[in-house]
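J.: For reference, the file entry.csv (CSV, C-alpha atoms) is included below:
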chain,number,residue,atom,x,y,z
A,964,MET,CA,-29.2,2.7,66.1
A,965,GLN,CA,-27.4,5.7,64.8
A,966,VAL,CA,-24.3,7.6,66.1
A,967,THR,CA,-22.3,10.5,64.7
A,968,VAL,CA,-18.6,10.0,64.2
A,969,ASN,CA,-16.4,12.9,63.2
A,970,GLY,CA,-19.5,14.6,61.8
A,971,GLU,CA,-20.7,11.6,59.8
A,972,ARG,CA,-23.8,9.5,60.6
A,973,ARG,CA,-23.1,5.8,61.1
A,974,ASP,CA,-25.5,2.9,61.7
A,975,LEU,CA,-24.8,0.3,64.5
A,976,ALA,CA,-26.7,-2.9,65.0
A,977,ALA,CA,-26.4,-2.7,68.8
A,978,PRO,CA,-24.6,-0.9,71.6
A,979,VAL,CA,-20.8,-1.6,71.6
A,980,SER,CA,-17.9,-0.6,73.8
A,981,VAL,CA,-15.5,2.1,72.6
A,982,THR,CA,-12.9,-0.6,72.2
A,983,GLY,CA,-15.2,-2.7,70.0
A,984,PHE,CA,-16.3,0.3,68.0
A,985,LEU,CA,-12.7,1.3,67.3
A,986,ALA,CA,-12.0,-2.3,66.2
A,987,GLN,CA,-15.0,-2.1,63.8
A,988,LEU,CA,-13.5,1.0,62.3
A,989,GLY,CA,-10.1,-0.6,61.9
A,990,LEU,CA,-8.4,1.8,64.3
A,991,ASP,CA,-5.7,1.1,66.8
A,992,ALA,CA,-7.0,2.2,70.2
A,993,ARG,CA,-3.5,3.0,71.4
A,994,LYS,CA,-3.0,5.7,68.6
A,995,VAL,CA,-6.2,7.7,69.0
A,996,ALA,CA,-8.2,9.8,71.4
A,997,VAL,CA,-11.9,9.6,71.8
A,998,GLU,CA,-14.4,12.3,72.9
A,999,ARG,CA,-18.0,11.1,73.6
A,1000,ASN,CA,-20.8,13.7,73.8
A,1001,LEU,CA,-18.2,16.4,74.5
A,1002,GLU,CA,-16.4,14.5,77.2
A,1003,ILE,CA,-13.1,12.8,76.7
A,1004,VAL,CA,-13.1,9.0,77.3
A,1005,PRO,CA,-9.9,7.9,79.1
A,1006,LYS,CA,-8.2,5.0,77.5
A,1007,SER,CA,-8.6,3.0,80.7
A,1008,ALA,CA,-12.4,3.3,80.3
A,1009,TYR,CA,-12.6,2.3,76.6
A,1010,GLU,CA,-13.8,-1.2,77.4
A,1011,ALA,CA,-16.4,-0.1,80.0
A,1012,THR,CA,-17.8,2.8,78.0
A,1013,GLU,CA,-20.7,1.9,75.6
A,1014,VAL,CA,-21.4,3.7,72.4
A,1015,GLN,CA,-25.2,4.2,72.4
A,1016,GLU,CA,-28.0,5.6,70.3
A,1017,GLY,CA,-27.5,9.3,69.4
A,1018,ASP,CA,-23.9,9.5,70.7
A,1019,ARG,CA,-21.7,12.0,69.1
A,1020,LEU,CA,-18.1,10.9,68.9
A,1021,GLU,CA,-14.9,12.7,67.8
A,1022,ILE,CA,-11.9,10.5,67.1
A,1023,VAL,CA,-8.6,12.2,66.6
A,1024,HIS,CA,-4.9,11.3,66.1
A,1025,PHE,CA,-1.6,13.1,65.6
A,1026,ILE,CA,-0.4,14.3,62.2
A,1027,GLY,CA,2.7,16.3,61.2
A,1028,GLY,CA,2.2,20.0,62.0
A,1029,GLY,CA,2.9,22.9,59.6
A,1030,ALA,CA,2.6,23.1,55.9
A,1031,PRO,CA,2.3,19.9,53.8
A,1032,GLN,CA,5.6,18.4,52.8
A,1033,ASP,CA,6.7,17.9,49.2
A,1034,VAL,CA,6.9,14.1,49.3
A,1035,TRP,CA,8.0,11.8,46.5
A,1036,GLN,CA,7.6,8.0,46.3
A,1037,VAL,CA,9.5,5.2,44.8
A,1038,ALA,CA,8.3,1.6,45.1
A,1039,LYS,CA,5.9,2.6,48.0
A,1040,HIS,CA,8.8,4.2,49.9
A,1041,SER,CA,8.2,7.9,50.7
A,1042,PHE,CA,10.9,10.5,51.0
A,1043,THR,CA,11.1,14.3,51.6
A,1044,SER,CA,14.7,14.9,50.5
A,1045,ARG,CA,15.2,14.8,46.7
A,1046,LEU,CA,18.9,14.6,47.1
A,1047,LEU,CA,20.5,11.2,47.0
A,1048,VAL,CA,24.2,10.8,47.8
A,1049,GLY,CA,26.9,8.3,47.3
A,1050,THR,CA,29.3,7.1,50.0
A,1051,GLY,CA,32.6,6.8,48.1
A,1052,LYS,CA,35.7,8.9,47.6
A,1053,TYR,CA,35.7,10.6,51.0
A,1054,LYS,CA,38.9,10.8,53.0
A,1055,ASP,CA,37.4,8.6,55.7
A,1056,PHE,CA,34.1,7.4,57.1
A,1057,GLU,CA,33.9,10.3,59.6
A,1058,GLU,CA,33.9,12.8,56.7
A,1059,THR,CA,31.4,10.6,54.9
A,1060,ALA,CA,28.9,10.7,57.8
A,1061,LYS,CA,29.3,14.5,58.3
A,1062,ALA,CA,28.7,15.2,54.6
A,1063,ILE,CA,25.6,13.0,54.4
A,1064,LYS,CA,24.1,14.6,57.4
A,1065,ALA,CA,24.8,18.1,56.0
A,1066,SER,CA,23.2,17.1,52.7
A,1067,GLY,CA,19.9,16.2,54.3
A,1068,ALA,CA,19.8,13.1,52.2
A,1069,GLU,CA,17.6,10.1,53.2
A,1070,ILE,CA,18.9,7.7,50.6
A,1071,VAL,CA,22.6,6.7,50.3
A,1072,THR,CA,24.0,4.5,47.7
A,1073,VAL,CA,26.4,1.8,48.9
A,1074,ALA,CA,28.7,-0.5,46.8
A,1075,VAL,CA,29.1,-4.2,47.6
A,1076,ARG,CA,32.7,-5.2,48.1
A,1077,ARG,CA,34.6,-8.2,49.6
A,1078,VAL,CA,35.3,-8.2,53.3
A,1079,ASN,CA,39.0,-7.6,54.1
A,1080,LEU,CA,39.9,-10.9,55.6
A,1081,SER,CA,43.4,-9.9,56.5
A,1082,ASP,CA,42.1,-7.2,58.9
A,1083,PRO,CA,38.5,-7.9,59.8
A,1084,SER,CA,38.6,-5.3,62.5
A,1085,GLN,CA,38.8,-2.4,60.0
A,1086,PRO,CA,35.9,0.1,60.4
A,1087,MET,CA,32.9,-0.4,58.2
A,1088,LEU,CA,30.5,2.1,56.7
A,1089,VAL,CA,27.6,0.9,58.9
A,1090,ASP,CA,29.6,2.0,61.9
A,1091,TYR,CA,29.3,5.6,60.8
A,1092,VAL,CA,26.2,5.7,58.5
A,1093,SER,CA,23.6,3.5,60.1
A,1094,PRO,CA,21.0,1.8,57.9
A,1095,LYS,CA,18.6,2.6,60.8
A,1096,ASP,CA,19.0,6.3,60.0
A,1097,TYR,CA,19.2,6.2,56.2
A,1098,THR,CA,17.8,4.1,53.4
A,1099,TYR,CA,20.6,2.0,52.0
A,1100,LEU,CA,20.5,1.7,48.2
A,1101,PRO,CA,22.9,-1.1,47.1
A,1102,ASN,CA,24.3,-0.4,43.7
A,1103,THR,CA,26.3,-2.4,41.1
A,1104,ALA,CA,29.1,0.2,40.7
A,1105,GLY,CA,32.0,-1.5,38.8
A,1106,CYS,CA,29.9,-4.2,37.1
A,1107,PHE,CA,30.3,-4.6,33.4
A,1108,THR,CA,28.0,-7.5,32.7
A,1109,ALA,CA,24.4,-8.3,33.6
A,1110,ASP,CA,25.5,-11.5,35.4
A,1111,ASP,CA,27.9,-9.7,37.7
A,1112,ALA,CA,25.3,-7.0,38.5
A,1113,VAL,CA,22.6,-9.6,39.3
A,1114,ARG,CA,25.0,-11.6,41.4
A,1115,THR,CA,26.1,-8.5,43.3
A,1116,LEU,CA,22.6,-7.4,44.2
A,1117,ARG,CA,21.6,-10.9,45.3
A,1118,LEU,CA,24.5,-10.8,47.7
A,1119,ALA,CA,23.5,-7.3,48.9
A,1120,ARG,CA,20.0,-8.6,49.6
A,1121,GLU,CA,21.4,-11.5,51.6
A,1122,ALA,CA,23.6,-9.1,53.6
A,1123,GLY,CA,21.0,-6.5,54.5
A,1124,GLY,CA,17.6,-7.7,53.3
A,1125,TRP,CA,17.2,-4.8,50.8
A,1126,ASP,CA,15.1,-5.2,47.7
A,1127,LEU,CA,15.2,-1.5,46.6
A,1128,VAL,CA,18.4,-1.4,44.5
A,1129,LYS,CA,20.2,0.7,42.0
A,1130,LEU,CA,21.3,-1.1,38.8
A,1131,GLU,CA,24.1,0.1,36.7
A,1132,VAL,CA,25.9,-2.0,34.1
A,1133,LEU,CA,28.8,-0.1,32.6
A,1134,GLY,CA,30.1,-0.2,29.0
A,1135,ASP,CA,33.8,0.6,29.4
A,1136,GLN,CA,36.3,2.1,31.8
A,1137,LYS,CA,36.9,5.3,29.9
A,1138,THR,CA,33.4,6.7,29.8
A,1139,LEU,CA,31.5,4.5,32.4
A,1140,TYR,CA,28.6,4.9,30.0
A,1141,PRO,CA,25.8,2.5,30.5
A,1142,ASN,CA,25.8,-0.7,28.5
A,1143,MET,CA,22.1,-0.7,27.7
A,1144,PRO,CA,21.7,-4.3,26.3
A,1145,GLU,CA,23.3,-5.7,29.5
A,1146,THR,CA,21.3,-3.2,31.6
A,1147,LEU,CA,18.0,-4.5,30.1
A,1148,LYS,CA,19.1,-8.1,30.6
A,1149,ALA,CA,20.0,-7.5,34.2
A,1150,ALA,CA,16.8,-5.5,34.9
A,1151,GLU,CA,14.6,-8.3,33.6
A,1152,ALA,CA,16.4,-10.9,35.8
A,1153,LEU,CA,16.3,-8.7,38.9
A,1154,ILE,CA,12.6,-7.7,38.5
A,1155,LYS,CA,11.7,-11.4,38.1
A,1156,ASP,CA,13.6,-12.1,41.3
A,1157,GLY,CA,11.5,-9.6,43.3
A,1158,PHE,CA,13.9,-6.6,43.3
A,1159,LYS,CA,12.6,-3.0,43.0
A,1160,VAL,CA,15.0,-1.7,40.4
A,1161,MET,CA,16.1,2.0,40.1
A,1162,VAL,CA,18.2,2.0,36.9
A,1163,TYR,CA,21.1,4.1,35.6
A,1164,CYS,CA,20.6,4.5,31.9
A,1165,SER,CA,21.5,6.5,28.8
A,1166,ASP,CA,19.6,9.7,28.0
A,1167,ASP,CA,17.3,7.9,25.5
A,1168,PRO,CA,13.6,8.4,26.0
A,1169,ILE,CA,12.8,5.1,24.1
A,1170,GLN,CA,15.1,3.0,26.3
A,1171,ALA,CA,13.7,4.8,29.4
A,1172,LYS,CA,10.1,3.9,28.4
A,1173,ARG,CA,11.1,0.3,27.8
A,1174,LEU,CA,12.7,0.1,31.3
A,1175,GLU,CA,9.5,1.5,32.8
A,1176,GLU,CA,7.4,-1.0,30.9
A,1177,MET,CA,9.6,-3.9,32.2
A,1178,GLY,CA,8.8,-2.8,35.7
A,1179,CYS,CA,11.7,-0.6,36.9
A,1180,VAL,CA,10.6,1.7,39.7
A,1181,ALA,CA,12.8,4.7,38.8
A,1182,ILE,CA,14.7,5.9,35.7
A,1183,MET,CA,18.1,7.5,36.3
A,1184,PRO,CA,19.5,9.0,33.1
A,1185,LEU,CA,23.0,10.4,33.2
A,1186,GLY,CA,23.4,14.2,33.1
A,1187,SER,CA,27.0,13.7,31.8
A,1188,LEU,CA,29.7,11.1,32.4
A,1189,ILE,CA,30.1,9.7,35.9
A,1190,GLY,CA,32.5,11.7,38.0
A,1191,SER,CA,33.1,14.3,35.2
A,1192,GLY,CA,31.5,17.3,36.8
A,1193,LEU,CA,30.5,18.5,33.3
A,1194,GLY,CA,27.0,19.3,34.5
A,1195,ILE,CA,23.7,18.7,32.6
A,1196,GLN,CA,24.7,18.2,29.0
A,1197,ASN,CA,21.4,16.9,27.7
A,1198,PRO,CA,18.5,18.9,29.2
A,1199,VAL,CA,16.2,18.2,26.2
A,1200,ASN,CA,16.5,14.5,26.4
A,1201,ILE,CA,16.1,14.5,30.2
A,1202,ARG,CA,13.0,16.5,29.9
A,1203,LEU,CA,11.6,14.1,27.2
A,1204,ILE,CA,12.3,11.2,29.5
A,1205,LYS,CA,10.4,12.9,32.3
A,1206,GLU,CA,7.5,13.5,30.0
A,1207,SER,CA,7.5,9.9,28.7
A,1208,VAL,CA,7.5,7.9,31.9
A,1209,SER,CA,5.3,7.9,35.0
A,1210,VAL,CA,7.8,6.6,37.5
A,1211,PRO,CA,10.3,8.9,39.2
A,1212,VAL,CA,13.1,10.3,37.1
A,1213,LEU,CA,16.4,11.2,38.8
A,1214,VAL,CA,19.5,12.6,37.2
A,1215,ASP,CA,22.4,10.3,38.0
A,1216,ALA,CA,26.0,11.3,37.2
A,1217,GLY,CA,27.7,14.4,35.9
A,1218,VAL,CA,26.6,17.0,38.5
A,1219,GLY,CA,29.6,19.2,39.4
A,1220,THR,CA,28.3,22.1,41.4
A,1221,ALA,CA,25.1,23.5,42.9
A,1222,SER,CA,23.8,25.2,39.8
A,1223,ASP,CA,23.9,21.8,38.0
A,1224,ALA,CA,21.7,20.3,40.6
A,1225,ALA,CA,19.3,23.2,40.4
A,1226,ILE,CA,19.1,22.8,36.6
A,1227,ALA,CA,18.2,19.2,36.9
A,1228,MET,CA,15.4,19.9,39.3
A,1229,GLU,CA,14.1,22.8,37.2
A,1230,LEU,CA,13.7,20.3,34.3
A,1231,GLY,CA,11.1,18.6,36.5
A,1232,CYS,CA,13.2,15.7,37.7
A,1233,ASP,CA,12.1,14.0,40.9
A,1234,GLY,CA,15.6,14.0,42.4
A,1235,VAL,CA,19.4,14.1,41.8
A,1236,LEU,CA,22.0,11.5,42.8
A,1237,MET,CA,25.6,12.6,43.2
A,1238,ASN,CA,28.8,11.5,44.9
A,1239,THR,CA,32.0,13.0,43.4
A,1240,ALA,CA,30.5,16.6,43.3
A,1241,ILE,CA,30.4,16.5,47.1
A,1242,ALA,CA,33.3,14.2,48.0
A,1243,ALA,CA,35.8,15.8,45.7
A,1244,ALA,CA,34.9,19.4,46.7
A,1245,ARG,CA,37.6,21.4,48.6
A,1246,ASP,CA,35.1,21.4,51.6
A,1247,PRO,CA,32.7,18.4,51.2
A,1248,ILE,CA,30.6,19.4,54.2
A,1249,LEU,CA,30.0,22.9,52.9
A,1250,MET,CA,29.3,21.6,49.4
A,1251,ALA,CA,26.8,19.1,50.8
A,1252,ARG,CA,24.9,22.0,52.3
A,1253,ALA,CA,25.0,23.9,49.0
A,1254,MET,CA,23.7,20.8,47.1
A,1255,LYS,CA,20.8,20.5,49.6
A,1256,ALA,CA,19.9,24.2,49.0
A,1257,ALA,CA,20.2,23.9,45.3
A,1258,VAL,CA,18.0,20.8,45.0
A,1259,GLU,CA,15.3,22.6,47.1
A,1260,ALA,CA,15.6,25.8,45.1
A,1261,GLY,CA,15.4,24.0,41.8
A,1262,ARG,CA,12.3,22.1,42.9
A,1263,LEU,CA,10.6,25.3,44.1
A,1264,SER,CA,11.5,27.0,40.8
A,1265,TYR,CA,10.0,24.2,38.8
A,1266,LEU,CA,6.8,24.2,40.9
A,1267,ALA,CA,6.6,28.0,40.6
A,1268,GLY,CA,6.9,27.9,36.8
A,1269,ARG,CA,9.4,30.2,35.2
A,1270,MET,CA,8.5,33.3,33.3
A,1271,PRO,CA,8.3,33.0,29.5
A,1272,LYS,CA,11.4,33.8,27.5
A,1273,LYS,CA,11.1,36.8,25.2
A,1274,LEU,CA,13.1,38.2,22.3
A,1275,TYR,CA,12.7,41.8,23.3
A,1276,ALA,CA,12.9,43.8,26.5
A,1277,ASP,CA,9.8,44.3,28.7
A,1278,PRO,CA,10.2,47.0,31.4
A,1279,SER,CA,9.2,46.0,34.9
A,1280,SER,CA,8.1,49.5,35.8
A,1281,PRO,CA,4.9,50.9,34.1
A,1282,LEU,CA,5.4,53.7,31.6
A,1283,ALA,CA,2.1,55.4,32.4
A,1284,GLY,CA,2.7,58.6,34.4
A,1285,LEU,CA,6.3,58.9,33.4
A,1286,ILE,CA,7.7,62.4,34.1
Spell out the structure here as structure tokens.
T.:
Amino acid sequence: MQVTVNGERRDLAAPVSVTGFLAQLGLDARKVAVERNLEIVPKSAYEATEVQEGDRLEIVHFIGGGAPQDVWQVAKHSFTSRLLVGTGKYKDFEETAKAIKASGAEIVTVAVRRVNLSDPSQPMLVDYVSPKDYTYLPNTAGCFTADDAVRTLRLAREAGGWDLVKLEVLGDQKTLYPNMPETLKAAEALIKDGFKVMVYCSDDPIQAKRLEEMGCVAIMPLGSLIGSGLGIQNPVNIRLIKESVSVPVLVDAGVGTASDAAIAMELGCDGVLMNTAIAAARDPILMARAMKAAVEAGRLSYLAGRMPKKLYADPSSPLAGLI
């Protein structure tokens, strides 16, 4: 016997209930609505209603309305915001929560530190920025060896169950530049241990490609030194990294103001991670809003494609018919 489902012909061996037919299609009966021969089938009648020869069925479900969203993915996680923010350097957790909300970020980086045993009643970040509302991205800020970074993230996974993590292994206190040999060593160990590693790295396209080949799920080259606010000092290298790897590329470190974030996005980066640029602003909440707008504007500018640069002027008004 044949039936028509959503405009397509399907063969059935024998009559079957609507419930059974939905099960054959792999659909959850609780999440769809069914119309049979132009009449809606109530959910309460799914079991008693048979799908028979020649029936015409429409099966629908809800989707997000409006224009399609510009979604990006990392390790099978999907996000709409391309701004990632840190949670340090704010005056208190209340300001942290307000700034993150204003930024529109969906991913927040969190450091792993010892519990204050002398005052266990002290407020904690989770009391203000809930992991139910945001994707926590544990990082290894302050780690200078591969062993310390691996140990830190294993503790983070034990504490919260997270396997999507941000790896950074620093070279020295003065520059906080990534120590790439130790970074590679840590990445290898973490990937082997089942972590999905987003990795802070130097602006070296060769190293970036190697990290991708090892299995890192995102490459995060610095725009300039961590906390410096110097902006994007290496646009050519960042663009080369973006062209050389297939995993997401996010600028990590160095952004100081909204125009820096826009530049990073105009290079084609998938996102920008920042902390100090927002937390150290005179008005962190307002700066968070500015960064949100800048990332969105930079992304739109990249998708639109900028006009070509020219050596000479080109008038926008036609010269024909000039008085």
J.: Pick out the residues sitting within 7 Å of region 1032-1039 of chain A, and hand them over as number ranges by chain; count only C-alpha atoms, and ignore anything fewer than 4 positions along from it in its own chain.
T.: A: 1043, 1159, 1180-1181, 1211
J.: Determine, counting only C-alpha atoms, which protein, DNA and RNA residues have an atom within 8 Å of an atom of region 1115-1122 of chain A; residues of the same chain fewer than 4 positions away are not included. Present the result as a compact mmCIF listing (two decimals) with C-alpha atoms, keeping the file's coordinate frame.
T.:
# COMPACT_ATOMS: atom_id res chain seq x y z
CA VAL A 1075 29.10 -4.20 47.60
CA PRO A 1101 22.90 -1.10 47.10
CA ASN A 1102 24.30 -0.40 43.70
CA THR A 1103 26.30 -2.40 41.10
CA ASP A 1111 27.90 -9.70 37.70
CA ASP A 1126 15.10 -5.20 47.70
CA VAL A 1128 18.40 -1.40 44.50
J.: Could you please determine the separation between CA of Val997 (chain A) and CA of Leu975 (chain A) in Å, to one decimal place?
T.: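 Going from CA of Val997 (chain A) over to CA of Leu975 (chain A), I get 17.5 Å.
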J.: In Å, how far is it from CA of Trp1125 (chain A) to CA of Glu1145 (chain A)?
T.: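 Between CA of Trp1125 (chain A) and CA of Glu1145 (chain A) the gap works out to 22.2 Å.
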J.: For Arg993 (chain A), list every protein, DNA or RNA residue within 12 Å, evaluated using all atoms listed in the file, and leave out those in the same chain fewer than 4 positions away; present the list as a CSV table (one decimal) with C-alpha atoms, in the coordinates of the input.
T.:
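Contents of out-v8.csv, as written:
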chain,number,residue,atom,x,y,z
A,982,THR,CA,-12.9,-0.6,72.2
A,985,LEU,CA,-12.7,1.3,67.3
A,986,ALA,CA,-12.0,-2.3,66.2
A,997,VAL,CA,-11.9,9.6,71.8
A,1005,PRO,CA,-9.9,7.9,79.1
A,1006,LYS,CA,-8.2,5.0,77.5
A,1007,SER,CA,-8.6,3.0,80.7
A,1009,TYR,CA,-12.6,2.3,76.6
A,1023,VAL,CA,-8.6,12.2,66.6
A,1024,HIS,CA,-4.9,11.3,66.1
A,1025,PHE,CA,-1.6,13.1,65.6
J.: Which residues are close to Ser1093 (chain A), i.e. within 12 Å by only C-alpha atoms, leaving aside same-chain residues fewer than 2 positions away? Reply as a CSV table (one decimal) with C-alpha atoms, in the coordinates of the input.
T.:
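Result file is around.csv:
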chain,number,residue,atom,x,y,z
A,1056,PHE,CA,34.1,7.4,57.1
A,1059,THR,CA,31.4,10.6,54.9
A,1060,ALA,CA,28.9,10.7,57.8
A,1063,ILE,CA,25.6,13.0,54.4
A,1064,LYS,CA,24.1,14.6,57.4
A,1069,GLU,CA,17.6,10.1,53.2
A,1070,ILE,CA,18.9,7.7,50.6
A,1071,VAL,CA,22.6,6.7,50.3
A,1073,VAL,CA,26.4,1.8,48.9
A,1087,MET,CA,32.9,-0.4,58.2
A,1088,LEU,CA,30.5,2.1,56.7
A,1089,VAL,CA,27.6,0.9,58.9
A,1090,ASP,CA,29.6,2.0,61.9
A,1091,TYR,CA,29.3,5.6,60.8
A,1095,LYS,CA,18.6,2.6,60.8
A,1096,ASP,CA,19.0,6.3,60.0
A,1097,TYR,CA,19.2,6.2,56.2
A,1098,THR,CA,17.8,4.1,53.4
A,1099,TYR,CA,20.6,2.0,52.0
A,1123,GLY,CA,21.0,-6.5,54.5
J.: Excluding Glu1021 (chain A) and any residue of its chain fewer than 5 positions from it, enumerate the residues within 9 Å of it, using only C-alpha atoms, and give them as a list in words.
T.: Thr967, Val968, Asn969, Gly970, Ala996, Val997, Glu998, Arg999, Asn1000 and Leu1001 of chain A
J.: Taking into account all atoms listed in the file, which residue in the set A:Leu1193, A:Val1235, A:Ile1201, A:Val1004 is nearest to Gly1219 (chain A)?
T.: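 Answer, going by the shortest atom-to-atom distance: A:Leu1193.
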J.: Between A:Val1113, A:Met1250, A:Leu1203, A:Ile1195, which has the minimum distance to Asp1223 (chain A) (counting only C-alpha atoms)?
T.: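 Answer, going by the shortest atom-to-atom distance: A:Ile1195.
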J.: Using only C-alpha atoms, can you tell me which of A:Leu990, A:Val1218, A:Leu1188, A:Leu1174 comes closest to Lys1137 (chain A)?
T.: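 Using only C-alpha atoms, Lys1137 (chain A) sits closest to A:Leu1188.
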J.: Just give me the residues with any atom within 12 Å of (30.1, 16.9, 57.1), file coordinates, counting only C-alpha atoms, written as a PyMOL selection string.
T.: chain A and resi 1053-1067+1091-1092+1241-1242+1244+1246-1253
J.: I'd like to know which of A:Asp1233, A:Asp1135, A:Asp1167, A:Glu1175 is closest to Glu1151 (chain A), using all atoms listed in the file.
T.: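 Of A:Asp1233, A:Asp1135, A:Asp1167, A:Glu1175, the one nearest Glu1151 (chain A), counting all atoms listed in the file, is A:Glu1175.
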J.: At most 8 Å from (22.9, -5.7, 32.8), file frame, all atoms listed in the file: which residues, as a list in words?
T.: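 Checked against the point, the hits come out as Phe1107, Thr1108, Ala1109, Asp1110, Ala1112, Val1113, Leu1130, Glu1131, Val1132, Asn1142, Met1143, Pro1144, Glu1145, Thr1146, Leu1147, Lys1148, Ala1149 and Ala1150 of chain A.
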J.: Could you turn the residues from that selection into a file that holds C-alpha atoms, as a compact mmCIF listing (two decimals), in the coordinates of the input?
T.:
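Dumped to result.txt:
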# COMPACT_ATOMS: atom_id res chain seq x y z
CA PHE A 1107 30.30 -4.60 33.40
CA THR A 1108 28.00 -7.50 32.70
CA ALA A 1109 24.40 -8.30 33.60
CA ASP A 1110 25.50 -11.50 35.40
CA ALA A 1112 25.30 -7.00 38.50
CA VAL A 1113 22.60 -9.60 39.30
CA LEU A 1130 21.30 -1.10 38.80
CA GLU A 1131 24.10 0.10 36.70
CA VAL A 1132 25.90 -2.00 34.10
CA ASN A 1142 25.80 -0.70 28.50
CA MET A 1143 22.10 -0.70 27.70
CA PRO A 1144 21.70 -4.30 26.30
CA GLU A 1145 23.30 -5.70 29.50
CA THR A 1146 21.30 -3.20 31.60
CA LEU A 1147 18.00 -4.50 30.10
CA LYS A 1148 19.10 -8.10 30.60
CA ALA A 1149 20.00 -7.50 34.20
CA ALA A 1150 16.80 -5.50 34.90
